[in-house]
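These notes concern the structure reproduced below.
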Amino acid sequence: MKDYLDRTFDLGPYVPEEDDDLIICRCEEITKGEIRQAVHEGMFTMTEVKRYLRTGMGLCQGQTCGRLVKNIVQNELNKKISAEAENTARAPMRPIPMDVYGKEAE
Amino acid sequence: MIKHYDLIVVGAGPAGLSAAIKAANCGMHVIVFDENQRPGGQLFKQIHKFFGSKEHKAKIRGIRIGEELLAEAEKAGVEVSLNSIVLGLYNLKGVSVMRNNQVEHFRGENVIIATGASENVVPFEGWTTPGVIGAGAAQTMMNLHGVMPGKRILMVGTGNVGLVVSFQLLQAGCEVAAVIDAAPRVGGYGVHAAKVARTGVPFYLSHTVVKAEGGDHVTGVTIAEVDSHFKPIPGTEKHFDVDTVCMAVGLSPMSQLTRMAGCKMIDNGGAVPEKNEYGETSIPGVFVAGDVAGIEEASSAMITGRIAALGAAGRSGFISDAEFTKQYEACVNSLNQLRQGMFCKANKGRTDILTTDEGYPLSMSLLTKGYMTEEELAKFTNLNAHQTGVHPVIECTQNIPCNPCQEACKFGCISVGTNITNLPGVVAESKCTGCGMCVANCPGQAIFLVNEDTGDGFATITLPYEFLPTPQAGEKGTALNRSGAAVCEAEVVSVRTNKSFDHTMLLTIKVPKAYAAEARFYKPEKEGK
């Protein structure tokens with residue numbers, strides 16, 4: 001399996017699929033087609049797709065869609081390139097109000 | 001100000017609470033954080049009886065195990081901080097927590113991550129329509145809040161979660177239209193499938209959801225058979241009028257905190273941290289326990305929690321080497337008992353297992369339709385000794401880790417042996433008194449007391465019954481067979497309840513003796529729904 005850093009790999013043409021309008025990331029309302037398209041536009045890793053489309057950046061922080069997005073990216077890469085495993089986990093792990101985040105306890 | 005603890009546990013579910021109790025009993029100063037209002041994780045949604053052996057709290061309902069753990073935690077002096085959201089885990093085991101609308105900072109000499117797992121989803125047309133829910137959500141609604149998730153439900157997934165929740169939906173008074181799975185075999189225990197199938201719920205294996213219909217809520221669902229590539233086969237569509245589609249399609253570990261801390265990760269049914277035999281990750285002093293370390297179930301989560309606590313106690317000098325070794329070995333032994341049999345992780349997804357460890361042919365009907373045929377059952381000569389008078393008939397035909405039946409019978413009628421994944425056997429020369437303890441104590445509801453000939457042309461069958469309204473002696477209804485089909489009229493002879501039955505009623509029905517081997521469930525004349 002090639003490394004994802006190799007960008008010379010030819011993915012072939014983007015072929016629309018019947019279920020391209022299926023919502024995959026519910027929080028940010030990103031469809032399967034948008035994710036597939038993003039791969040063809042050069043987004044080969046979970047992090048790149050996230051920055052490009054905001055998948056996994058909503059309320060659930062990718063806990064629901066992460067697995068699905070990864071599968072779609074991996075399939076679109078024709079399973080010949082290994083997609084980077086996961087989004088980076090960052091604090092805060094759960095959404096919190098800004099006024100709380102800015103207020104440190106004594 | 002940073003508050004220090006010997007051990008910080010994240011997650012107050014079965015793994016986290018067990019870890020905290022063990023650590024506190026070793027003398028550690030322990031705090032447990034949980035983001036929920038109530039502790040116990042998923043335990044308080046588990047109204048069914050657990051499997052395993054006595055040391056795994058078998059035949060006790062999950063909800064009671066939760067209560068026991070809480071009482072133990074309190075006794076051990078564990079501080080359980082609820083409504084406390086852990087925001088991050090950093091270098092040097094710093095933990096930031098949001099509670100009471102502010103962010104607080106803690107540092108643990110050791111940290112045990114026991115954050116559990118979240119539910120997977122399968123996307124299909126209409127999957128975001130209100131009424132498409134997870135099995136965990138269904139349990140929360142029914143078992144915590146007393147709300148029916150829907151009136152008529154399609155269950156997606158035949159793993160233990162899908163089967164157990166299907167049964168709970170039936171108990172709550174919902175109708176389960178069907179249980180489906182894309183896999184060709186029922187994924188969960190046969191006994192769980194059988195207790196759903198005998199109420200009349202059809203199973204569709206190798207089927208997937210094509211679409212959920214409805215605008216602002218689900219009004220129906222279409223399923224179709226899948227080919228070997230899991231693609232729907234045109235022309236095999238089936239439609240059900242349902243208002244809810246419930247998904248039980250696996251779990252993913254909630255391992256973000258370990259990733260954030262920089263633990264080395266591996267893929268084990270989702271990203272999980274690499275760990276040693278004590279659950280310690282690549283970061284010294286950061287341990288994992290329960291589903292976050294790899295999906296299993298609550299009984300093993302409790303043990304992996306204890307093991308992680310021992311690891312932490314050993315690391316920080318709270319336990320002698322001798323005591324550590326003794327307790328660790330006991331935990332491993334207990335864990336290994338659960339990790340055996342045809343459903344253990346090593347055998348997951350295998351379709352080449354065709355016989356039990358004892359050499360009996362596995363029921364293919366059970367694996368594809370959820371119930372056994374009489375011909376298949378007859379091959380299990382160990383399960384029915386056909387004694388005259390009342391005797392136990394056991395319909396437990398897969399090697400699962402469970403043995404309460406052996407202990408339930410004080411008269412030595414049932415033997416499992418030392419290996420808890422053995423099939424139970426009826427001891428032929430024993431004398432059944434008809435006490436019914438085996439029927440009530442079997443977590444799989446797979447034991448019946450049968451009197452094949454009462455002398456007047458009838459047979460009696462005593463079956464476990466966990467539905468309301470309580471049938472009354474003398475009332476008449478319908479006897480159903482293992483597939484849930486009506487076979488004959490049945491008269492309720494008696495309904496026994498007892499504290500030791502723990503809310504499982506023993507319903508004795510009378511049927512013409514020709515149906516003694518067939519009748520396995522009772523449907524009242526007028527359903528109280």
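Following the order of the structure tokens, chains are lettered A, B, ..., residues in each are numbered from 1, and ligands are numbered from 1.
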
Test item: residues at most 10 Å from segment 458-464 of chain B, only C-alpha atoms, excluding those fewer than 5 positions along its chain, as a ChimeraX atom specification: /B:195,389-393,434,436,438-442,444-453,490-496,501,503-522

Could those residues be written to a file, using C-alpha atoms, as a PDB file, in the first residue's frame?
ATOM      1  CA  LYS B 195     -36.562 -15.497  23.075  1.00  0.00           C
ATOM      2  CA  GLY B 389     -43.059 -36.470  35.172  1.00  0.00           C
ATOM      3  CA  VAL B 390     -41.774 -32.917  35.346  1.00  0.00           C
ATOM      4  CA  HIS B 391     -38.243 -32.525  34.035  1.00  0.00           C
ATOM      5  CA  PRO B 392     -36.010 -29.767  32.687  1.00  0.00           C
ATOM      6  CA  VAL B 393     -35.643 -29.256  28.948  1.00  0.00           C
ATOM      7  CA  GLY B 434     -40.236 -28.839  39.615  1.00  0.00           C
ATOM      8  CA  GLY B 436     -38.296 -23.885  38.655  1.00  0.00           C
ATOM      9  CA  CYS B 438     -33.311 -23.220  36.692  1.00  0.00           C
ATOM     10  CA  VAL B 439     -36.065 -21.673  34.560  1.00  0.00           C
ATOM     11  CA  ALA B 440     -35.974 -18.396  36.485  1.00  0.00           C
ATOM     12  CA  ASN B 441     -32.191 -18.189  36.762  1.00  0.00           C
ATOM     13  CA  CYS B 442     -31.246 -18.894  33.152  1.00  0.00           C
ATOM     14  CA  GLY B 444     -31.014 -16.770  28.255  1.00  0.00           C
ATOM     15  CA  GLN B 445     -34.540 -17.866  29.220  1.00  0.00           C
ATOM     16  CA  ALA B 446     -33.688 -21.176  27.593  1.00  0.00           C
ATOM     17  CA  ILE B 447     -34.845 -23.669  30.217  1.00  0.00           C
ATOM     18  CA  PHE B 448     -38.364 -25.101  30.390  1.00  0.00           C
ATOM     19  CA  LEU B 449     -39.944 -27.600  32.738  1.00  0.00           C
ATOM     20  CA  VAL B 450     -41.968 -30.076  30.762  1.00  0.00           C
ATOM     21  CA  ASN B 451     -44.283 -32.851  31.845  1.00  0.00           C
ATOM     22  CA  GLU B 452     -44.795 -34.665  28.582  1.00  0.00           C
ATOM     23  CA  ASP B 453     -47.852 -36.581  29.743  1.00  0.00           C
ATOM     24  CA  ALA B 490     -53.227 -23.157  26.101  1.00  0.00           C
ATOM     25  CA  GLU B 491     -54.638 -22.852  29.599  1.00  0.00           C
ATOM     26  CA  VAL B 492     -52.622 -21.146  32.294  1.00  0.00           C
ATOM     27  CA  VAL B 493     -52.266 -23.591  35.178  1.00  0.00           C
ATOM     28  CA  SER B 494     -50.232 -21.389  37.477  1.00  0.00           C
ATOM     29  CA  VAL B 495     -48.135 -18.243  37.632  1.00  0.00           C
ATOM     30  CA  ARG B 496     -45.340 -18.369  40.165  1.00  0.00           C
ATOM     31  CA  PHE B 501     -36.813 -15.327  40.595  1.00  0.00           C
ATOM     32  CA  HIS B 503     -39.138 -10.557  38.400  1.00  0.00           C
ATOM     33  CA  THR B 504     -39.083 -13.526  36.044  1.00  0.00           C
ATOM     34  CA  MET B 505     -42.476 -15.191  36.324  1.00  0.00           C
ATOM     35  CA  LEU B 506     -42.803 -18.933  35.948  1.00  0.00           C
ATOM     36  CA  LEU B 507     -45.811 -19.512  33.790  1.00  0.00           C
ATOM     37  CA  THR B 508     -47.134 -23.059  33.614  1.00  0.00           C
ATOM     38  CA  ILE B 509     -49.417 -23.780  30.695  1.00  0.00           C
ATOM     39  CA  LYS B 510     -51.401 -26.885  29.795  1.00  0.00           C
ATOM     40  CA  VAL B 511     -51.516 -28.030  26.168  1.00  0.00           C
ATOM     41  CA  PRO B 512     -52.598 -31.264  24.427  1.00  0.00           C
ATOM     42  CA  LYS B 513     -49.699 -33.676  24.905  1.00  0.00           C
ATOM     43  CA  ALA B 514     -48.976 -33.806  21.155  1.00  0.00           C
ATOM     44  CA  TYR B 515     -47.622 -30.257  21.506  1.00  0.00           C
ATOM     45  CA  ALA B 516     -45.349 -30.890  24.496  1.00  0.00           C
ATOM     46  CA  ALA B 517     -42.193 -30.594  22.406  1.00  0.00           C
ATOM     47  CA  GLU B 518     -43.426 -27.652  20.395  1.00  0.00           C
ATOM     48  CA  ALA B 519     -45.205 -25.130  22.615  1.00  0.00           C
ATOM     49  CA  ARG B 520     -42.645 -22.713  24.065  1.00  0.00           C
ATOM     50  CA  PHE B 521     -44.423 -19.403  24.544  1.00  0.00           C
ATOM     51  CA  TYR B 522     -47.784 -18.100  25.655  1.00  0.00           C
TER      52      TYR B 522
END

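The neighbours of Asn120 of chain B here are the residues that come within 10 Å of it, using only C-alpha atoms and leaving out any residue fewer than 3 positions away in the same chain; they are Gln63, Thr64, Cys65, Gly66, Arg67 and Leu68 of chain A; Ala117, Pro123, Gly134, Met247, Ala248, Val249, Gly250, Leu251, Ser252 and Pro253 of chain B.
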
Using N, CA and C atoms, can you export the residues from the last selection as a short mmCIF file (atom, residue, chain, number, x, y, z; two decimals), in the first residue's frame?
data_model
loop_
_atom_site.label_atom_id
_atom_site.label_comp_id
_atom_site.auth_asym_id
_atom_site.auth_seq_id
_atom_site.Cartn_x
_atom_site.Cartn_y
_atom_site.Cartn_z
N GLN A 63 -17.37 11.64 16.26
CA GLN A 63 -17.56 10.33 16.90
C GLN A 63 -18.55 9.47 16.09
N THR A 64 -19.55 10.10 15.46
CA THR A 64 -20.52 9.35 14.67
C THR A 64 -20.04 9.11 13.25
N CYS A 65 -19.54 10.18 12.59
CA CYS A 65 -19.25 10.06 11.16
C CYS A 65 -17.84 9.64 10.84
N GLY A 66 -16.94 9.69 11.81
CA GLY A 66 -15.53 9.43 11.54
C GLY A 66 -15.29 8.14 10.77
N ARG A 67 -15.89 7.09 11.26
CA ARG A 67 -15.76 5.77 10.64
C ARG A 67 -16.28 5.79 9.19
N LEU A 68 -17.42 6.48 8.99
CA LEU A 68 -18.04 6.52 7.66
C LEU A 68 -17.17 7.31 6.69
N ALA B 117 -17.80 3.46 24.84
CA ALA B 117 -17.93 3.47 23.39
C ALA B 117 -19.17 4.22 22.97
N PRO B 123 -25.45 4.51 7.13
CA PRO B 123 -26.23 5.50 6.41
C PRO B 123 -27.05 4.84 5.29
N GLY B 134 -30.67 5.05 17.60
CA GLY B 134 -29.74 4.01 18.01
C GLY B 134 -30.39 3.13 19.08
N MET B 247 -31.17 1.19 15.23
CA MET B 247 -29.90 0.64 14.75
C MET B 247 -29.05 0.11 15.88
N ALA B 248 -28.63 -1.14 15.73
CA ALA B 248 -27.70 -1.76 16.69
C ALA B 248 -26.60 -2.40 15.87
N VAL B 249 -25.76 -1.55 15.29
CA VAL B 249 -24.78 -2.04 14.32
C VAL B 249 -23.34 -1.86 14.81
N GLY B 250 -23.16 -2.10 16.07
CA GLY B 250 -21.80 -2.09 16.59
C GLY B 250 -21.45 -0.80 17.31
N LEU B 251 -20.30 -0.83 17.95
CA LEU B 251 -19.85 0.27 18.80
C LEU B 251 -18.45 0.68 18.40
N SER B 252 -18.14 1.95 18.62
CA SER B 252 -16.78 2.44 18.40
C SER B 252 -16.22 2.96 19.72
N PRO B 253 -15.00 2.58 20.06
CA PRO B 253 -14.39 3.06 21.30
C PRO B 253 -14.29 4.59 21.31
#

Proximal residues of chain B relative to chain A (only C-alpha atoms; 7 Å) as a list in words: Met1, Leu87, Gly88, Asn101, Gln102, Val103, Glu104, Asn120, Pro123, Glu125, Gln256, Arg259 and Met260 of chain B

Selection near segment 35-48 of chain A, 8 Å with only C-alpha atoms, sequence-local residues under 3 positions removed, as a list in words: Tyr4, Arg7, Leu11, Pro13, Tyr14, Ile30, Thr31, Lys32, Arg51, Tyr52, Leu53, Val69, Lys70, Ile72, Val73, Glu76, Leu77, Ala83, Glu84, Ala85, Glu86, Asn87 and Thr88 of chain A

Please provide as an mmCIF file with C-alpha atoms, in the first residue's frame all residues within 9 Å of segment 293-306 of chain B, with the sequence filter that same-chain residues fewer than 6 positions apart are discarded (counting only C-alpha atoms).
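Result written to part-v9.cif:
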data_model
loop_
_atom_site.group_PDB
_atom_site.id
_atom_site.type_symbol
_atom_site.label_atom_id
_atom_site.label_comp_id
_atom_site.auth_asym_id
_atom_site.auth_seq_id
_atom_site.Cartn_x
_atom_site.Cartn_y
_atom_site.Cartn_z
ATOM 1 C CA GLY B 13 -19.455 2.921 34.044
ATOM 2 C CA PRO B 14 -18.775 -0.706 34.950
ATOM 3 C CA ALA B 15 -15.043 -0.463 34.123
ATOM 4 C CA GLY B 16 -14.439 2.917 35.769
ATOM 5 C CA LEU B 17 -16.366 2.150 38.959
ATOM 6 C CA SER B 18 -14.741 -1.270 39.336
ATOM 7 C CA ALA B 19 -11.326 0.320 38.856
ATOM 8 C CA ALA B 20 -12.057 3.034 41.404
ATOM 9 C CA ILE B 21 -13.327 0.550 43.992
ATOM 10 C CA LYS B 22 -10.307 -1.702 43.612
ATOM 11 C CA ALA B 23 -7.885 1.229 43.772
ATOM 12 C CA GLN B 42 -24.946 1.814 30.451
ATOM 13 C CA LEU B 43 -25.601 -0.517 33.396
ATOM 14 C CA PHE B 50 -26.234 -11.051 32.828
ATOM 15 C CA PHE B 51 -24.316 -14.107 31.648
ATOM 16 C CA GLY B 52 -21.128 -15.569 33.083
ATOM 17 C CA HIS B 56 -19.134 -12.329 37.091
ATOM 18 C CA LYS B 57 -22.478 -11.514 38.731
ATOM 19 C CA ALA B 58 -24.326 -13.814 36.383
ATOM 20 C CA GLY B 62 -27.456 -5.017 34.949
ATOM 21 C CA ILE B 112 -7.544 5.309 34.062
ATOM 22 C CA ILE B 113 -9.544 6.103 30.945
ATOM 23 C CA ALA B 114 -12.816 4.183 30.973
ATOM 24 C CA GLY B 116 -16.623 3.379 26.917
ATOM 25 C CA ALA B 117 -17.926 3.466 23.389
ATOM 26 C CA GLY B 250 -21.804 -2.089 16.595
ATOM 27 C CA LEU B 251 -19.855 0.268 18.796
ATOM 28 C CA SER B 252 -16.779 2.439 18.405
ATOM 29 C CA PRO B 253 -14.393 3.062 21.300
ATOM 30 C CA MET B 254 -14.435 6.669 22.581
ATOM 31 C CA SER B 255 -10.687 6.934 22.618
ATOM 32 C CA ASN B 268 -8.862 -2.963 17.027
ATOM 33 C CA GLY B 269 -12.432 -2.459 15.840
ATOM 34 C CA GLY B 270 -11.762 1.288 15.839
ATOM 35 C CA ALA B 271 -8.773 3.244 17.106
ATOM 36 C CA VAL B 272 -7.719 2.003 20.521
ATOM 37 C CA PRO B 273 -4.532 2.626 22.479
ATOM 38 C CA GLU B 274 -1.856 -0.004 22.504
ATOM 39 C CA LYS B 275 -1.660 -1.456 26.008
ATOM 40 C CA TYR B 278 -2.357 -4.350 32.896
ATOM 41 C CA GLY B 279 -4.102 -1.986 30.483
ATOM 42 C CA TYR B 328 -3.938 -10.056 39.103
ATOM 43 C CA CYS B 331 -8.666 -11.329 37.545
ATOM 44 C CA VAL B 332 -7.016 -12.871 34.500
ATOM 45 C CA SER B 334 -11.938 -14.709 35.633
ATOM 46 C CA LEU B 335 -11.499 -12.789 32.380
ATOM 47 C CA LEU B 338 -15.514 -15.031 29.685
ATOM 48 C CA ARG B 339 -13.233 -14.892 26.668
ATOM 49 C CA CYS B 344 -15.353 -14.732 21.817
ATOM 50 C CA LYS B 345 -13.348 -12.107 19.993
#

Residue list (strand (DSSP E or B), DSSP) for segment 290-471 of chain B, as a ChimeraX atom specification: /B:355,361,384,390-394,402,414-415,425-426,447-451,458-465

Can you write out the residues you just picked, keeping C-alpha atoms, as an mmCIF file, in the first residue's frame?
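Once everything was written out, this is again-v1.cif:
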data_model
loop_
_atom_site.group_PDB
_atom_site.id
_atom_site.type_symbol
_atom_site.label_atom_id
_atom_site.label_comp_id
_atom_site.auth_asym_id
_atom_site.auth_seq_id
_atom_site.Cartn_x
_atom_site.Cartn_y
_atom_site.Cartn_z
ATOM 1 C CA THR B 355 -20.309 -27.950 15.739
ATOM 2 C CA PRO B 361 -24.082 -29.912 15.075
ATOM 3 C CA ASN B 384 -33.450 -33.462 27.475
ATOM 4 C CA VAL B 390 -41.774 -32.917 35.346
ATOM 5 C CA HIS B 391 -38.243 -32.525 34.035
ATOM 6 C CA PRO B 392 -36.010 -29.767 32.687
ATOM 7 C CA VAL B 393 -35.643 -29.256 28.948
ATOM 8 C CA ILE B 394 -32.698 -27.004 28.128
ATOM 9 C CA CYS B 402 -22.642 -18.975 31.314
ATOM 10 C CA ILE B 414 -28.084 -29.864 35.623
ATOM 11 C CA SER B 415 -24.365 -30.030 35.034
ATOM 12 C CA GLY B 425 -26.433 -31.281 30.424
ATOM 13 C CA VAL B 426 -29.414 -32.868 32.154
ATOM 14 C CA ILE B 447 -34.845 -23.669 30.217
ATOM 15 C CA PHE B 448 -38.364 -25.101 30.390
ATOM 16 C CA LEU B 449 -39.944 -27.600 32.738
ATOM 17 C CA VAL B 450 -41.968 -30.076 30.762
ATOM 18 C CA ASN B 451 -44.283 -32.851 31.845
ATOM 19 C CA PHE B 458 -52.313 -33.115 28.296
ATOM 20 C CA ALA B 459 -48.791 -31.890 28.879
ATOM 21 C CA THR B 460 -47.634 -28.984 31.048
ATOM 22 C CA ILE B 461 -44.874 -26.568 30.151
ATOM 23 C CA THR B 462 -43.358 -24.111 32.597
ATOM 24 C CA LEU B 463 -41.716 -21.195 30.841
ATOM 25 C CA PRO B 464 -39.994 -17.974 31.892
ATOM 26 C CA TYR B 465 -42.282 -15.002 31.328
#

Nearest to Gly56 of chain A by atom-to-atom distance, counting only C-alpha atoms, from A:Gly33, A:Asp6, A:Cys25, A:Asn71: A:Cys25

Residues near segment 187-189 of chain B, cut-off 9 Å, only C-alpha atoms, skip fewer than 4 positions along chain, as number ranges by chain: B: 157-163, 181, 183, 193-194, 343, 348-349, 367, 398, 400, 444

For the selection just defined, write its residues with C-alpha atoms to a file, as an mmCIF file, in the first residue's frame.
data_model
loop_
_atom_site.group_PDB
_atom_site.id
_atom_site.type_symbol
_atom_site.label_atom_id
_atom_site.label_comp_id
_atom_site.auth_asym_id
_atom_site.auth_seq_id
_atom_site.Cartn_x
_atom_site.Cartn_y
_atom_site.Cartn_z
ATOM 1 C CA GLY B 157 -28.588 -5.658 13.846
ATOM 2 C CA THR B 158 -28.673 -9.146 15.360
ATOM 3 C CA GLY B 159 -25.739 -8.767 17.727
ATOM 4 C CA ASN B 160 -26.499 -9.136 21.418
ATOM 5 C CA VAL B 161 -27.393 -5.446 21.661
ATOM 6 C CA GLY B 162 -29.943 -5.707 18.837
ATOM 7 C CA LEU B 163 -31.449 -8.880 20.262
ATOM 8 C CA ASP B 181 -28.908 -7.970 9.616
ATOM 9 C CA ALA B 183 -24.591 -10.549 7.815
ATOM 10 C CA ALA B 193 -32.477 -14.628 19.363
ATOM 11 C CA ALA B 194 -34.748 -17.488 20.407
ATOM 12 C CA PHE B 343 -18.715 -15.797 20.402
ATOM 13 C CA LYS B 348 -15.808 -13.158 15.689
ATOM 14 C CA GLY B 349 -17.202 -13.312 12.164
ATOM 15 C CA LEU B 367 -28.246 -18.802 13.115
ATOM 16 C CA GLN B 398 -24.057 -22.780 21.730
ATOM 17 C CA ILE B 400 -21.398 -19.289 25.586
ATOM 18 C CA GLY B 444 -31.014 -16.770 28.255
#

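The shortest atom-to-atom distance to Ala308 of chain B, with only C-alpha atoms taken into account, belongs to B:Glu280 out of B:Asp291, B:Asp241, B:Glu329, B:Glu280.
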
Nearest to Gln168 of chain B, chosen from B:Ala212, B:Gln46, B:Gly94, B:Ile60, with only C-alpha atoms counted in the distances: B:Gln46

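Take atom CA of Val209 of chain B and atom CA of Asp243 of chain B: the distance between them is 14.3 Å.
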
Taking the DSSP assignment computed from this structure's backbone, write out as an mmCIF file with N, CA and C atoms, in the first residue's frame all residues of segment 3-102 of chain A that belong to alpha helix (DSSP H).
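Now in selection.cif:
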data_model
loop_
_atom_site.group_PDB
_atom_site.id
_atom_site.type_symbol
_atom_site.label_atom_id
_atom_site.label_comp_id
_atom_site.auth_asym_id
_atom_site.auth_seq_id
_atom_site.Cartn_x
_atom_site.Cartn_y
_atom_site.Cartn_z
ATOM 1 N N LYS A 32 -22.098 12.414 0.997
ATOM 2 C CA LYS A 32 -21.144 11.427 0.494
ATOM 3 C C LYS A 32 -20.467 11.946 -0.775
ATOM 4 N N GLY A 33 -21.265 12.558 -1.668
ATOM 5 C CA GLY A 33 -20.729 13.087 -2.914
ATOM 6 C C GLY A 33 -19.675 14.158 -2.669
ATOM 7 N N GLU A 34 -19.935 15.032 -1.699
ATOM 8 C CA GLU A 34 -18.959 16.097 -1.395
ATOM 9 C C GLU A 34 -17.641 15.509 -0.904
ATOM 10 N N ILE A 35 -17.748 14.449 -0.094
ATOM 11 C CA ILE A 35 -16.527 13.828 0.422
ATOM 12 C C ILE A 35 -15.768 13.152 -0.721
ATOM 13 N N ARG A 36 -16.498 12.441 -1.590
ATOM 14 C CA ARG A 36 -15.856 11.766 -2.721
ATOM 15 C C ARG A 36 -15.181 12.801 -3.638
ATOM 16 N N GLN A 37 -15.912 13.875 -3.890
ATOM 17 C CA GLN A 37 -15.382 14.947 -4.736
ATOM 18 C C GLN A 37 -14.098 15.523 -4.125
ATOM 19 N N ALA A 38 -14.127 15.690 -2.801
ATOM 20 C CA ALA A 38 -12.965 16.279 -2.113
ATOM 21 C C ALA A 38 -11.720 15.423 -2.331
ATOM 22 N N VAL A 39 -11.906 14.112 -2.331
ATOM 23 C CA VAL A 39 -10.761 13.225 -2.562
ATOM 24 C C VAL A 39 -10.192 13.488 -3.949
ATOM 25 N N HIS A 40 -11.100 13.646 -4.930
ATOM 26 C CA HIS A 40 -10.641 13.904 -6.298
ATOM 27 C C HIS A 40 -9.998 15.285 -6.430
ATOM 28 N N MET A 46 -7.877 12.219 6.477
ATOM 29 C CA MET A 46 -9.008 12.652 7.305
ATOM 30 C C MET A 46 -8.858 14.130 7.668
ATOM 31 N N THR A 47 -7.652 14.513 8.020
ATOM 32 C CA THR A 47 -7.419 15.900 8.427
ATOM 33 C C THR A 47 -7.666 16.856 7.260
ATOM 34 N N GLU A 48 -7.198 16.462 6.071
ATOM 35 C CA GLU A 48 -7.406 17.330 4.906
ATOM 36 C C GLU A 48 -8.891 17.457 4.570
ATOM 37 N N VAL A 49 -9.591 16.355 4.595
ATOM 38 C CA VAL A 49 -11.033 16.390 4.309
ATOM 39 C C VAL A 49 -11.742 17.248 5.350
ATOM 40 N N LYS A 50 -11.317 17.114 6.596
ATOM 41 C CA LYS A 50 -11.921 17.897 7.681
ATOM 42 C C LYS A 50 -11.733 19.396 7.428
ATOM 43 N N ARG A 51 -10.523 19.777 7.075
ATOM 44 C CA ARG A 51 -10.252 21.213 6.870
ATOM 45 C C ARG A 51 -10.950 21.737 5.634
ATOM 46 N N TYR A 52 -11.157 20.856 4.681
ATOM 47 C CA TYR A 52 -11.771 21.242 3.410
ATOM 48 C C TYR A 52 -13.293 21.352 3.544
ATOM 49 N N LEU A 53 -13.882 20.394 4.268
ATOM 50 C CA LEU A 53 -15.348 20.296 4.305
ATOM 51 C C LEU A 53 -15.980 20.519 5.674
ATOM 52 N N GLY A 66 -16.936 9.695 11.808
ATOM 53 C CA GLY A 66 -15.526 9.432 11.535
ATOM 54 C C GLY A 66 -15.291 8.141 10.766
ATOM 55 N N ARG A 67 -15.890 7.088 11.256
ATOM 56 C CA ARG A 67 -15.755 5.775 10.636
ATOM 57 C C ARG A 67 -16.285 5.789 9.193
ATOM 58 N N LEU A 68 -17.421 6.478 8.989
ATOM 59 C CA LEU A 68 -18.036 6.521 7.655
ATOM 60 C C LEU A 68 -17.172 7.314 6.693
ATOM 61 N N VAL A 69 -16.699 8.480 7.148
ATOM 62 C CA VAL A 69 -15.869 9.322 6.284
ATOM 63 C C VAL A 69 -14.613 8.559 5.887
ATOM 64 N N LYS A 70 -14.014 7.899 6.860
ATOM 65 C CA LYS A 70 -12.786 7.155 6.590
ATOM 66 C C LYS A 70 -13.021 6.087 5.519
ATOM 67 N N ASN A 71 -14.149 5.373 5.634
ATOM 68 C CA ASN A 71 -14.479 4.344 4.638
ATOM 69 C C ASN A 71 -14.641 4.930 3.249
ATOM 70 N N ILE A 72 -15.327 6.086 3.173
ATOM 71 C CA ILE A 72 -15.573 6.704 1.867
ATOM 72 C C ILE A 72 -14.249 7.147 1.250
ATOM 73 N N VAL A 73 -13.410 7.796 2.057
ATOM 74 C CA VAL A 73 -12.114 8.261 1.552
ATOM 75 C C VAL A 73 -11.286 7.068 1.090
ATOM 76 N N GLN A 74 -11.268 6.041 1.921
ATOM 77 C CA GLN A 74 -10.486 4.845 1.600
ATOM 78 C C GLN A 74 -10.971 4.187 0.296
ATOM 79 N N ASN A 75 -12.293 4.102 0.148
ATOM 80 C CA ASN A 75 -12.857 3.525 -1.079
ATOM 81 C C ASN A 75 -12.505 4.354 -2.298
ATOM 82 N N GLU A 76 -12.598 5.683 -2.121
ATOM 83 C CA GLU A 76 -12.338 6.577 -3.243
ATOM 84 C C GLU A 76 -10.871 6.510 -3.643
ATOM 85 N N MET A 98 -18.260 29.432 25.581
ATOM 86 C CA MET A 98 -17.030 30.222 25.594
ATOM 87 C C MET A 98 -16.800 30.914 26.938
ATOM 88 N N ASP A 99 -17.899 31.372 27.566
ATOM 89 C CA ASP A 99 -17.696 32.093 28.835
ATOM 90 C C ASP A 99 -17.176 31.158 29.926
ATOM 91 N N VAL A 100 -17.500 29.862 29.803
ATOM 92 C CA VAL A 100 -16.974 28.904 30.774
ATOM 93 C C VAL A 100 -15.514 28.603 30.448
ATOM 94 N N TYR A 101 -15.240 28.451 29.164
ATOM 95 C CA TYR A 101 -13.887 28.109 28.746
ATOM 96 C C TYR A 101 -12.900 29.198 29.173
#

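Atom to atom, atom CA of Ser430 of chain B and atom CA of Val416 of chain B stand 14.5 Å apart.
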
Which of B:Ser316, B:Thr244, B:Thr219, B:Thr208 sits closest to Tyr5 of chain B [using only C-alpha atoms]: B:Ser316

Å distance separating atom CA of Cys405 of chain B from atom CA of Met437 of chain B, one decimal place: 8.0 Å
